[in-house]
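Worksheet for the structure shown next.
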Amino acid sequence: MIETGLVRKPTEKHPTAFQATQLTPTTFLIKEYDDIYSEHPFIYVKIVAQANLVVVIDTGCGGASSNSNIHDIGLREFIEMVDIDVNDGKPLNREGKMNYTVVITHCHYDHILGVEQFSDSTILASSRDFPFLLPSALPDSSLCKGMGIHTPSYISTLVPHLYSIPECAVLILHTPGHTPDEVAIYDSAEKMLYVGDSVYEDEDIIISNQGSITEWLASITVLISLVNAENQKQDSGVIREVLINAGHCTAGKPALEVLKAGKAFMLDVINRKEPIRKRAVIWGEENVYYRQERGRFSLRCPARLVLGTA
Ligand SMILES: [Zn+2]
């Protein structure tokens, strides 16, 4: 629990860097809309009341803003102290009465800078590429070293593909591509799919220098199969579509359409149907940029992955 006596409450004049909206009866999207890195990450909170548990998917950039009007508080303080209109005017986890399980979709800095606030909680991450997440590798893997910022120190439990969080029907899937440790999370009770940075609209999808387009395509294909199967299932006689929720930009949209359209764009890139729009050296390696004519999907990836110039 956060010590409440020491923290001023945010006001209308001094809001926090976070905004919460409700996605389902038990699920909230917290947008860190005004962070100092302009990453604007999406954080998701699922309340599992019967298990006295809050599942937090990613932890954002830490709550700091360069706007002096912003009331500088961390994600956990926001969850425990700030009254949320769409939650009957109460904090999402008032005074920290419920426990946390935090799932890190991947270790890039804009997803882990708030994780130290949850050091007393279970933190889950992918077991797929153990060396990528070693404390000695994390400054590079997270990009914190390149950004010149403190690398968070945290202990995570590395979980296998198709791991199920014991207290709820929430599944973790290994979906490498953006990074080797990328995961997706599927909440079958709510038919909500969380894909981290694997795919979103309106901003560049990134295959990082440690990532792989081949693995990305395989991961997206697995997610399409999962969503196809889940979309056939009825709940109380009603068929509901799975919705997709990404680490940036895209939330609450039909998952199947977004995944298929994103995959089709990536295939167009590989098949050289999309022109290169720009080249730039990113973290010491030549990257190329692509963008659909209407701008829905765009991509940045190492040139060697698409041009075979390794
Ligand atoms: Zn990322």
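A note on labels: chains of the structure tokens are A, B, ... as shown, every chain counts residues from 1, and ligands are counted from 1 in their shown order.
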
If you count only C-alpha atoms and all ligand atoms, which residues end up within 8 Å of ligand 1, as a CSV table (one decimal) with all heavy atoms, in the first residue's frame?
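As written to disk, pocket36.csv reads:
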chain,number,residue,atom,x,y,z
A,106,HIS,N,6.8,-6.7,-22.6
A,106,HIS,CA,8.2,-6.8,-23.0
A,106,HIS,C,9.0,-5.7,-22.2
A,106,HIS,O,8.4,-4.8,-21.6
A,106,HIS,CB,8.4,-6.7,-24.5
A,106,HIS,CG,8.0,-5.3,-25.0
A,106,HIS,ND1,6.7,-4.8,-25.0
A,106,HIS,CD2,8.7,-4.3,-25.6
A,106,HIS,CE1,6.6,-3.6,-25.5
A,106,HIS,NE2,7.9,-3.3,-25.9
A,107,CYS,N,10.3,-5.8,-22.3
A,107,CYS,CA,11.1,-5.0,-21.3
A,107,CYS,C,11.5,-3.6,-21.8
A,107,CYS,O,12.3,-3.0,-21.1
A,107,CYS,CB,12.3,-5.8,-20.9
A,107,CYS,SG,13.6,-6.0,-22.2
A,108,HIS,N,11.0,-3.1,-22.9
A,108,HIS,CA,11.3,-1.8,-23.3
A,108,HIS,C,10.9,-0.8,-22.2
A,108,HIS,O,9.9,-0.9,-21.5
A,108,HIS,CB,10.6,-1.4,-24.6
A,108,HIS,CG,11.4,-1.9,-25.8
A,108,HIS,ND1,10.8,-2.1,-27.1
A,108,HIS,CD2,12.7,-2.3,-26.0
A,108,HIS,CE1,11.7,-2.6,-27.9
A,108,HIS,NE2,12.8,-2.7,-27.3
A,109,TYR,N,11.7,0.3,-22.1
A,109,TYR,CA,11.6,1.2,-21.0
A,109,TYR,C,10.2,1.8,-20.8
A,109,TYR,O,9.8,2.0,-19.6
A,109,TYR,CB,12.7,2.4,-21.1
A,109,TYR,CG,12.4,3.4,-22.2
A,109,TYR,CD1,11.6,4.5,-22.0
A,109,TYR,CD2,12.8,3.1,-23.5
A,109,TYR,CE1,11.3,5.4,-23.0
A,109,TYR,CE2,12.5,4.0,-24.5
A,109,TYR,CZ,11.8,5.2,-24.3
A,109,TYR,OH,11.5,6.0,-25.3
A,110,ASP,N,9.5,2.0,-21.9
A,110,ASP,CA,8.2,2.7,-21.7
A,110,ASP,C,7.1,1.7,-21.2
A,110,ASP,O,6.0,2.1,-21.0
A,110,ASP,CB,7.7,3.3,-23.0
A,110,ASP,CG,7.8,2.4,-24.2
A,110,ASP,OD1,8.8,1.6,-24.3
A,110,ASP,OD2,6.9,2.4,-25.1
A,111,HIS,N,7.6,0.5,-20.9
A,111,HIS,CA,6.6,-0.5,-20.3
A,111,HIS,C,7.1,-0.9,-18.9
A,111,HIS,O,6.3,-1.6,-18.2
A,111,HIS,CB,6.5,-1.8,-21.2
A,111,HIS,CG,6.1,-1.4,-22.6
A,111,HIS,ND1,4.8,-1.7,-23.0
A,111,HIS,CD2,6.7,-0.8,-23.6
A,111,HIS,CE1,4.6,-1.2,-24.2
A,111,HIS,NE2,5.8,-0.7,-24.6
A,178,HIS,N,8.5,-8.2,-32.1
A,178,HIS,CA,8.9,-6.8,-31.8
A,178,HIS,C,10.2,-6.9,-31.0
A,178,HIS,O,11.2,-6.2,-31.2
A,178,HIS,CB,7.8,-6.2,-31.0
A,178,HIS,CG,8.2,-4.9,-30.3
A,178,HIS,ND1,8.5,-3.7,-31.1
A,178,HIS,CD2,8.3,-4.5,-29.0
A,178,HIS,CE1,8.8,-2.8,-30.2
A,178,HIS,NE2,8.6,-3.2,-29.0
A,179,THR,N,10.2,-7.8,-30.0
A,179,THR,CA,11.4,-8.1,-29.2
A,179,THR,C,11.4,-9.6,-29.0
A,179,THR,O,10.3,-10.2,-29.1
A,179,THR,CB,11.4,-7.4,-27.8
A,179,THR,OG1,10.2,-7.8,-27.1
A,179,THR,CG2,11.5,-5.9,-27.9
A,196,GLY,N,0.6,-5.9,-26.4
A,196,GLY,CA,1.8,-5.1,-26.2
A,196,GLY,C,2.2,-4.3,-27.4
A,196,GLY,O,1.3,-3.6,-28.0
A,197,ASP,N,3.4,-4.4,-27.9
A,197,ASP,CA,3.9,-3.6,-29.0
A,197,ASP,C,3.9,-4.4,-30.3
A,197,ASP,O,4.5,-4.0,-31.3
A,197,ASP,CB,5.2,-3.0,-28.8
A,197,ASP,CG,5.2,-1.8,-27.9
A,197,ASP,OD1,4.1,-1.5,-27.4
A,197,ASP,OD2,6.2,-1.1,-27.7
A,206,ILE,N,7.3,-1.3,-34.6
A,206,ILE,CA,8.7,-1.4,-34.6
A,206,ILE,C,9.2,-2.9,-34.5
A,206,ILE,O,8.7,-3.6,-33.6
A,206,ILE,CB,9.3,-0.6,-33.5
A,206,ILE,CG1,9.1,0.9,-33.7
A,206,ILE,CG2,10.9,-0.8,-33.4
A,206,ILE,CD1,9.4,1.8,-32.6
A,208,SER,N,12.4,-4.3,-33.4
A,208,SER,CA,13.6,-3.8,-32.9
A,208,SER,C,14.8,-4.5,-33.4
A,208,SER,O,14.7,-5.5,-34.1
A,208,SER,CB,13.6,-3.9,-31.3
A,208,SER,OG,13.6,-5.3,-31.0

Problem set entry | Near-segment 17-29 of chain A list (6 Å; only C-alpha atoms; drop same-chain fewer than 3 positions) as an MDAnalysis selection string | chainID A and resid 32:34 43:47 63

Exercise. Which polymer residues have any atom within 12 Å of an atom of segment 48-50 of chain A, counting only C-alpha atoms, with same-chain residues fewer than 5 positions away left out, as JSON, numbers by chain?
Worked result: {"A": [25, 26, 27, 28, 55, 56, 92, 93, 97, 98, 99, 100, 101, 165, 166, 167, 168, 169, 170, 187, 189, 190]}

For this session: Mind the document's chain letters and residue numbers, and return as an MDAnalysis selection string the residues of segment 118-281 of chain A that DSSP labels helix (DSSP H, G or I).
Result: chainID A and resid 118 130:133 138:141 144:147 213:232 255:270

Exercise. In Å, with one decimal, what is the gap from atom CA of Phe42 of chain A to atom CA of Ile73 of chain A?
Worked result: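 A separation of 16.5 Å between them.
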
Problem set entry | Contacts of Tyr163 of chain A at 10 Å (only C-alpha atoms; same-chain gap of 6+ positions) as a list in words |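 The neighbour list is Ser126, Val170, Leu171, Ile172, Leu173, His174 and Ile185 of chain A.
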